[in-house]
Protein chains: 2
Amino acid sequence: DVVGGGVDALLLAKVALQYGPTDGVPELKAQIVKLLREEEGINASPNNILTTTASQQALDIVGRTFIDPSDPVLVELPSYIGGLQVFNSYGAKLMGIKADDHGMLIDDLEAKLSKLRQEEEHYKFVYIVPDFQNPSGVTLTGERRRELIKLSERYNVLLIEDSPYRQVRFEGEAPPMLYKLDSTHNVISLFTFSKTLAPGLRLGFILADERIIQKMAILKQSLDLCTSSLNQLLAAEFLKSGIMREHIAGVKSLYRARKDAMLEALERYMPEGVTWTRPEGGLFLWVRLPEHMNADELFFEAIKENVAYVIGSAFHCDGGGQNTMRLNFSYPT
Amino acid sequence: DVVGGGVDALLLAKVALQYGPTDGVPELKAQIVKLLREEEGINASPNNILTTTASQQALDIVGRTFIDPSDPVLVELPSYIGGLQVFNSYGAKLMGIKADDHGMLIDDLEAKLSKLRQEEEHYKFVYIVPDFQNPSGVTLTGERRRELIKLSERYNVLLIEDSPYRQVRFEGEAPPMLYKLDSTHNVISLFTFSKTLAPGLRLGFILADERIIQKMAILKQSLDLCTSSLNQLLAAEFLKSGIMREHIAGVKSLYRARKDAMLEALERYMPEGVTWTRPEGGLFLWVRLPEHMNADELFFEAIKENVAYVIGSAFHCDGGGQNTMRLNFSYPT
C-alpha cells in the first residue's frame with residue numbers, strides 16, 4: 001500500500017494540492033537530476049528542467065516556441081504522428097529525411113540543410129526520436145549520433161530529441177543520448193513518465209539549456225500555469241522509492257516476450273519480399289511490403305486477429321510509405 | 001481518511017493511471033452535469049463539457065480556437081490579467097469596455113460593437129468575469145446580464161463567461177449565469193476547481209455548445225492529449241462524497257470574515273476621496289484613489305503590513321488605472 005500511504009503523507013505536507021512553481025516541483029526535479037546522472041551520465045541542474053503535462057505538452061511548447069508559419073522543420077521518414085500534427089498546427093513546412101534500419105540518414109539531412117541554407121530559409125530544428133522510434137522501432141547508432149551533433153553545430157540547427165521509450169530497452173547496449181553528446185546547447189530533450197510510470201499521471205519534462213527553459217516556462221505559464229503538484233509529488237515518491245525501477249523491469253520482460261512472439265509469427269507467416277525491423281526496446285516494429293504492394297486484404301487477414309497495426313503512410317510527411325505499417329507488440333495477443 | 005481510501009479504490013479500478021478520453025473522464029462529467037443542474041439550474045449533457053487542465057488551459061483553448069492575429073477582442077476595464085496575456089499571445093487587438101460597481105457598461109459595449117460592425121472588423125468574442133471579478137470584486141447585475149445576452153444575439157458575438165469564483169458567494173443573491181440565460185449557443189463558460197477543491201489538482205472545465213466542444217477537444221488532443229485521469233477521478237470522488245460542498249462552506253465563512261475585516265480597516269484608515277468595492281464573494285476588492293493620485297508611498301505605508309496588493313494598471317488593456325489597486329482579502333492577516 002505504498003501509493004495510499006504516499007498520498008496521505010503528501011497531503012499532510014500540504015504541498016500536493018497547492019499551486020506549484022511553473023517550472024516544476026523541486027522534489028521531482030531533484031529526483032530527475034539524480035535519474036539523469038545515474039542512468040545517462042548527464043550532469044543537469046534543476047534549472048535545465050521544465051516539468052510538463054506529459055510529452056504532448058512538451059511537443060506543443062516546442063512548436064509554439066520555435067515555429068513561425070511556413071518555417072521548415074526537418075523530420076524523419078517515417079516520424080511520430082503526434083509530433084507531425086503539432087508542427088503542422090503551427091504552420092510548419094515539414095521536410096522528410098530518409099532513414100534506414102539504423103535511423104536517420106545523416107547524408108540526406110546534410111543535403112537538405114545545405115539546400116535550406118543556400119535558399120536562406122529560416123530553418124530552426126530537426127525533430128528526431130532516436131530510441132526505438134515510434135513508428136519504426138529503429139534506434140539511431142552511436143556513430144550517426146556523433147555525426148548529427150557535428151551537423152547541428154555546423155548548420156546551427158537545434159535538435160529536438162524526443163525520448164519516450166529509451167528506458168524501455170530490453171536488449172543490446174544503449175548509445176549515449178544526443179543531449180549527452182552535445183556541448184553547444186543545441187539539443188532539447190523531451191521525456192515522459194507515461195511509459196515508465198503511468199500515462200494517467202500526465203507527466204513529463206524538457207531538458208535543455210537554462211535560457212531555453214526560462215523562455216519555455218514563461219510560455220507554459222499561459223498554457224496551464226503549472227502541472228499538477230499532486231502528480232509531481234507522486235512521481236517523485238515513485239522515483240525515490242524504487243517503484244519506477246521495479247515497474248520498468250516488469251514492463252521490459254513482458255514486452256521482450258511479446259516482441260519475440262511477434263517476430264516469430266512474422267517469420268512464420270510473412271511471404272517472400274516482406275521485411276521488418278527488430279527493435280531492441282520500445283513498443284513498435286515496422287513492416288515493409290514489396291514496393292509495388294499496398295495495404296493488402298489478404299495480408300491483413302493473416303495477422304489481424306492478434307496484432308494491432310496502423311497504416312504507415314500516416315507517419316510520412318511526404319505522402320509516401322503506402323507499402324508500410326506499424327505493429328504494436330506491447331498489446332496482449 | 002477519505003482521500004487515502006479514495007485513491008486506493010481508484011487505483012484498484014485501474015482507470016486512474018491510464019490515458020483517458022480527451023474530452024474528460026465520464027465519472028467526472030456525470031458529477032459536473034449534476035452540479036450544474038443542482039447549483040445553477042442548467043441542463044447540460046456530458047457532450048457540452050470538456051474537462052481541462054484548469055482554467056488557464058481553458059483560456060488558452062479559447063484563444064487558440066477563436067483568435068487570428070489582429071482580431072479585436074472585447075474585455076472589461078479592468079479585466080483578469082491571465083486572460084489578457086493569453087489573448088495578447090495570440091495577437092488579439094484588445095478593446096477595453098468601461099465598467100462600474102455593477103459590472104460592464106452595456107451601452108459602452110454596444111457602442112464598440114456597432115463601430116466594429118461598421119468597420120467590418122472580424123470581432124469574435126467578449127471576455128467577461130461576471131461574478132466577483134478578478135480584479136475588481138464586482139458582480140454583473142441580472143438586468144445587465146439579460147441586456148448582454150440580447151446584444152450577443154444582435155451582434156452575433158460569442159460571450160466567454162469566465163467563472164472561477166462563482167461558488168464562493170458569501171452574501172447576497174446570485175444572478176443567473178450567462179450560460180443559463182442564453183438560448184442561442186452564444187455563451188462559452190469556463191469553470192475551475194482551483195478555488196473550490198484545490199489548485200494543485202489542475203482541473204477545470206468548459207461548458208459550451210456540443211459543436212464547439214468537439215472542435216476544442218480536437219485542439220486539446222494536440223495540447224496535452226488528456227487531463228490526468230487520476231485527478232479527474234479524485235475530483236469526481238470529492239464531488240460525490242460532499243467533500244467539495246463542505247470545503248466551500250469553510251472557505252466562505254473564512255473569506256467573509258477576512259473581507260469584513262479588510263472593509264473595516266479601509267473605513268478606518270483611508271483618507272477622503274478614496275473609494276472601494278464591496279464584494280459579495282470571491283477573493284478580491286478594488287480600491288480607487290482620487291484621479292490625480294498615483295500609487296503613493298505614504299498610502300502603501302499604511303497598509304503594506306497586512307494586505308497583499310497589485311497595481312491596478314496591470315489589469316487595464318488601455319494603459320489606464322494608475323490610480324487603482326487590487327487587494328486580496330483571502331490571505332491571512
# chains A, B, ... in the order shown; residues from 1 in each chain; ligands from 1
>>> closest_atom_pairs(of="chain B", to="chain A", cutoff="9 Å", atoms="only C-alpha atoms", output="Markdown table")
| residue | atom | partner | partner_atom | distance |
| --- | --- | --- | --- | --- |
| B:Asp1 | CA | A:Asp8 | CA | 8.1 |
| B:Val3 | CA | A:Asp8 | CA | 7.4 |
| B:Gly4 | CA | A:Gly4 | CA | 5.3 |
| B:Gly5 | CA | A:Gly4 | CA | 7.2 |
| B:Gly6 | CA | A:Gly4 | CA | 8.8 |
| B:Val7 | CA | A:Gly4 | CA | 6.4 |
| B:Asp8 | CA | A:Gly4 | CA | 5.7 |
| B:Leu11 | CA | A:Val3 | CA | 8.8 |
| B:Val15 | CA | A:Gly200 | CA | 8.0 |
| B:Ala16 | CA | A:Gly200 | CA | 6.0 |
| B:Leu17 | CA | A:Gly200 | CA | 3.9 |
| B:Gln18 | CA | A:Gly200 | CA | 4.3 |
| B:Tyr19 | CA | A:Gly200 | CA | 5.0 |
| B:Gly20 | CA | A:Gly200 | CA | 7.0 |
| B:Thr53 | CA | A:Asp224 | CA | 6.3 |
| B:Ala54 | CA | A:Asp224 | CA | 6.8 |
| B:Ser55 | CA | A:Asp224 | CA | 7.6 |
| B:Gln56 | CA | A:Asp224 | CA | 4.8 |
| B:Gln57 | CA | A:Asp224 | CA | 4.8 |
| B:Ala58 | CA | A:Asp224 | CA | 8.4 |
| B:Leu59 | CA | A:Leu223 | CA | 8.2 |
| B:Asp60 | CA | A:Leu223 | CA | 5.8 |
| B:Ile61 | CA | A:Leu223 | CA | 8.6 |
| B:Gly82 | CA | A:Ser222 | CA | 7.2 |
| B:Gly83 | CA | A:Ser222 | CA | 8.7 |
| B:Gln85 | CA | A:Ser222 | CA | 7.2 |
| B:Val86 | CA | A:Ser222 | CA | 5.9 |
| B:Ser89 | CA | A:Ser222 | CA | 8.5 |
| B:Ser194 | CA | A:Gln18 | CA | 8.7 |
| B:Leu197 | CA | A:Leu17 | CA | 8.5 |
| B:Ala198 | CA | A:Leu17 | CA | 5.2 |
| B:Pro199 | CA | A:Gln18 | CA | 5.1 |
| B:Gly200 | CA | A:Leu17 | CA | 3.9 |
| B:Leu201 | CA | A:Ser228 | CA | 5.3 |
| B:Arg202 | CA | A:Ser228 | CA | 5.4 |
| B:Leu203 | CA | A:Ser228 | CA | 8.7 |
| B:Gln221 | CA | A:Gln56 | CA | 8.2 |
| B:Ser222 | CA | A:Val86 | CA | 6.0 |
| B:Leu223 | CA | A:Gln57 | CA | 5.3 |
| B:Asp224 | CA | A:Gln57 | CA | 4.8 |
| B:Leu225 | CA | A:Gln56 | CA | 6.4 |
| B:Cys226 | CA | A:Arg202 | CA | 7.8 |
| B:Thr227 | CA | A:Arg202 | CA | 6.9 |
| B:Ser228 | CA | A:Gly200 | CA | 5.1 |
| B:Ser229 | CA | A:Gly200 | CA | 5.1 |
| B:Leu230 | CA | A:Gly200 | CA | 6.1 |
| B:Asn231 | CA | A:Asn231 | CA | 8.2 |
>>> write_last_selection(atoms="N, CA and C atoms", output="short mmCIF file (atom, residue, chain, number, x, y, z; two decimals), in the first residue's frame")
data_model
loop_
_atom_site.label_atom_id
_atom_site.label_comp_id
_atom_site.auth_asym_id
_atom_site.auth_seq_id
_atom_site.Cartn_x
_atom_site.Cartn_y
_atom_site.Cartn_z
N ASP B 1 -10.01 9.90 6.69
CA ASP B 1 -9.04 9.41 5.70
C ASP B 1 -9.72 9.07 4.37
N VAL B 3 -9.52 10.63 1.56
CA VAL B 3 -8.66 10.79 0.40
C VAL B 3 -7.81 9.54 0.15
N GLY B 4 -7.11 9.12 1.20
CA GLY B 4 -6.29 7.92 1.06
C GLY B 4 -7.12 6.74 0.61
N GLY B 5 -8.24 6.53 1.26
CA GLY B 5 -9.12 5.42 0.89
C GLY B 5 -9.62 5.55 -0.54
N GLY B 6 -10.01 6.77 -0.91
CA GLY B 6 -10.49 7.02 -2.27
C GLY B 6 -9.44 6.67 -3.30
N VAL B 7 -8.21 7.11 -3.05
CA VAL B 7 -7.15 6.85 -4.02
C VAL B 7 -6.93 5.36 -4.20
N ASP B 8 -6.87 4.61 -3.10
CA ASP B 8 -6.68 3.18 -3.22
C ASP B 8 -7.77 2.54 -4.07
N LEU B 11 -7.26 3.40 -7.67
CA LEU B 11 -6.14 2.68 -8.28
C LEU B 11 -6.56 1.26 -8.60
N VAL B 15 -8.19 2.66 -13.63
CA VAL B 15 -8.54 3.69 -14.61
C VAL B 15 -7.65 4.90 -14.39
N ALA B 16 -7.40 5.17 -13.10
CA ALA B 16 -6.76 6.41 -12.70
C ALA B 16 -5.42 6.64 -13.38
N LEU B 17 -4.71 5.57 -13.67
CA LEU B 17 -3.34 5.75 -14.17
C LEU B 17 -3.22 5.52 -15.67
N GLN B 18 -4.34 5.34 -16.34
CA GLN B 18 -4.31 5.14 -17.79
C GLN B 18 -4.68 6.44 -18.54
N TYR B 19 -4.42 6.44 -19.85
CA TYR B 19 -4.91 7.54 -20.68
C TYR B 19 -6.43 7.59 -20.56
N GLY B 20 -6.99 8.77 -20.51
CA GLY B 20 -8.44 8.92 -20.51
C GLY B 20 -8.89 9.55 -21.80
N THR B 53 -7.05 21.19 -18.12
CA THR B 53 -6.02 21.29 -17.10
C THR B 53 -6.14 22.68 -16.47
N ALA B 54 -7.22 22.83 -15.70
CA ALA B 54 -7.62 24.07 -15.01
C ALA B 54 -7.98 25.19 -15.99
N SER B 55 -8.33 26.37 -15.44
CA SER B 55 -8.93 27.38 -16.31
C SER B 55 -7.90 28.11 -17.16
N GLN B 56 -6.62 28.02 -16.78
CA GLN B 56 -5.61 28.63 -17.65
C GLN B 56 -5.60 27.93 -19.00
N GLN B 57 -5.70 26.60 -18.99
CA GLN B 57 -5.76 25.90 -20.27
C GLN B 57 -7.05 26.21 -21.01
N ALA B 58 -8.14 26.39 -20.27
CA ALA B 58 -9.40 26.77 -20.91
C ALA B 58 -9.23 28.10 -21.66
N LEU B 59 -8.58 29.05 -21.03
CA LEU B 59 -8.32 30.34 -21.68
C LEU B 59 -7.45 30.17 -22.92
N ASP B 60 -6.43 29.34 -22.80
CA ASP B 60 -5.55 29.10 -23.94
C ASP B 60 -6.33 28.46 -25.10
N ILE B 61 -7.21 27.53 -24.77
CA ILE B 61 -8.03 26.87 -25.80
C ILE B 61 -8.95 27.89 -26.48
N GLY B 82 -4.54 37.19 -16.49
CA GLY B 82 -4.21 35.91 -17.14
C GLY B 82 -4.91 35.76 -18.49
N GLY B 83 -6.15 36.27 -18.54
CA GLY B 83 -6.88 36.26 -19.81
C GLY B 83 -6.24 37.22 -20.81
N GLN B 85 -3.23 38.25 -21.02
CA GLN B 85 -1.94 37.74 -21.50
C GLN B 85 -2.13 36.67 -22.58
N VAL B 86 -3.07 35.75 -22.35
CA VAL B 86 -3.31 34.70 -23.35
C VAL B 86 -3.79 35.33 -24.67
N SER B 89 -1.10 36.91 -26.48
CA SER B 89 -0.14 35.95 -27.05
C SER B 89 -0.61 35.44 -28.41
N SER B 194 -10.00 25.02 -8.95
CA SER B 194 -8.86 25.55 -8.18
C SER B 194 -9.30 26.28 -6.93
N LEU B 197 -11.86 23.20 -4.85
CA LEU B 197 -11.22 21.98 -4.34
C LEU B 197 -9.77 22.27 -4.03
N ALA B 198 -8.92 22.33 -5.07
CA ALA B 198 -7.50 22.59 -4.83
C ALA B 198 -6.84 22.98 -6.14
N PRO B 199 -6.03 24.04 -6.10
CA PRO B 199 -5.30 24.45 -7.31
C PRO B 199 -4.38 23.35 -7.83
N GLY B 200 -3.80 22.56 -6.90
CA GLY B 200 -2.82 21.55 -7.27
C GLY B 200 -3.39 20.42 -8.11
N LEU B 201 -4.72 20.29 -8.14
CA LEU B 201 -5.33 19.27 -8.99
C LEU B 201 -5.26 19.67 -10.46
N ARG B 202 -5.12 20.98 -10.76
CA ARG B 202 -5.13 21.49 -12.13
C ARG B 202 -6.32 20.93 -12.90
N LEU B 203 -7.50 21.35 -12.48
CA LEU B 203 -8.70 20.79 -13.06
C LEU B 203 -9.77 21.86 -13.24
N GLN B 221 -6.33 17.69 -27.83
CA GLN B 221 -5.52 16.50 -28.12
C GLN B 221 -4.08 16.89 -28.46
N SER B 222 -3.90 17.96 -29.20
CA SER B 222 -2.53 18.36 -29.54
C SER B 222 -1.87 19.16 -28.41
N LEU B 223 -2.65 19.63 -27.44
CA LEU B 223 -2.08 20.38 -26.32
C LEU B 223 -1.53 19.46 -25.23
N ASP B 224 -2.32 18.46 -24.81
CA ASP B 224 -1.81 17.53 -23.79
C ASP B 224 -2.53 16.18 -23.80
N LEU B 225 -3.15 15.82 -24.91
CA LEU B 225 -3.87 14.56 -25.09
C LEU B 225 -5.09 14.43 -24.20
N CYS B 226 -4.86 14.54 -22.88
CA CYS B 226 -5.98 14.47 -21.94
C CYS B 226 -5.48 14.99 -20.60
N THR B 227 -6.42 15.41 -19.76
CA THR B 227 -6.07 15.83 -18.40
C THR B 227 -5.97 14.57 -17.53
N SER B 228 -5.09 14.62 -16.55
CA SER B 228 -4.84 13.46 -15.68
C SER B 228 -6.12 12.75 -15.23
N SER B 229 -6.20 11.46 -15.54
CA SER B 229 -7.36 10.66 -15.13
C SER B 229 -7.43 10.55 -13.62
N LEU B 230 -6.27 10.39 -13.00
CA LEU B 230 -6.20 10.30 -11.54
C LEU B 230 -6.88 11.50 -10.90
N ASN B 231 -6.49 12.69 -11.35
CA ASN B 231 -7.04 13.90 -10.75
C ASN B 231 -8.54 14.06 -11.05
#
>>> residues_around(residues="Ala249 in chain B", least_positions_apart="2", cutoff="10 Å", atoms="only C-alpha atoms", output="list in words")
Gln167, Val168, Arg169, Phe170, Thr196, Ile243, Met244, Arg245, Glu246, His247, Val251, Lys252, Ser253 and Leu254 of chain B
>>> residues_around(residues="Lys34 in chain A", least_positions_apart="3", cutoff="12 Å", atoms="only C-alpha atoms", output="PyMOL selection string")
chain A and resi 27-31+37-46+236+239-240
>>> closest_residue(among="A:Phe132, A:Phe205, A:Phe329, A:Phe315", to="Val33 in chain A", atoms="only C-alpha atoms")
A:Phe205
>>> residues_around(residues="Asp131 in chain B", least_positions_apart="3", cutoff="8 Å", atoms="only C-alpha atoms", output="list in words")
Gly137, Val138, Thr139, Leu140, Ser163, Tyr165, Arg166 and Gly282 of chain B
>>> atom_distance(atom1="CA of Arg278 in chain B", atom2="CA of Val129 in chain B")
16.2 Å
>>> atom_distance(atom1="CA of Gly281 in chain B", atom2="CA of Pro135 in chain B")
12.3 Å
>>> residues_around(residues="Glu272 in chain A", least_positions_apart="4", cutoff="12 Å", atoms="only C-alpha atoms", output="number ranges by chain")
A: 266-268, 276, 288-290
>>> atom_distance(atom1="CA of Ile213 in chain B", atom2="CA of Glu121 in chain B")
25.4 Å
>>> select_by_dssp(residues="range 86-315 of chain A", states="strand (DSSP E)", output="count of residues only")
40
>>> closest_residue(among="B:His316, B:Leu190, B:Tyr269, B:Asp182", to="Ala99 in chain B", atoms="only C-alpha atoms")
B:His316
>>> residues_around(residues="range 103-109 of chain B", least_positions_apart="6", cutoff="10 Å", atoms="only C-alpha atoms", output="list in words")
Leu74, Val75, Glu76, Leu77, Pro78, Met95, Gly96, Ile97, Lys115, Val126, Ile128, Val129, Pro130, Asp131, Phe132, Gln133, Ser136, Gly137, Val138, Thr139, Leu140, Thr141, Arg144, Arg145, Glu147, Leu148 and Leu151 of chain B
>>> select_by_dssp(residues="range 6-158 of chain B", states="alpha helix (DSSP H)", output="ChimeraX atom specification")
/B:6-12,26-40,54-66,81-89,106-118,142-154
>>> residues_around(residues="Asp71 in chain B", least_positions_apart="6", cutoff="6 Å", atoms="only C-alpha atoms", output="PyMOL selection string")
chain B and resi 92-93+122
>>> closest_residue(among="A:Lys195, A:Glu120, A:Leu159, A:His292", to="Gly250 in chain A", atoms="only C-alpha atoms")
A:Lys195
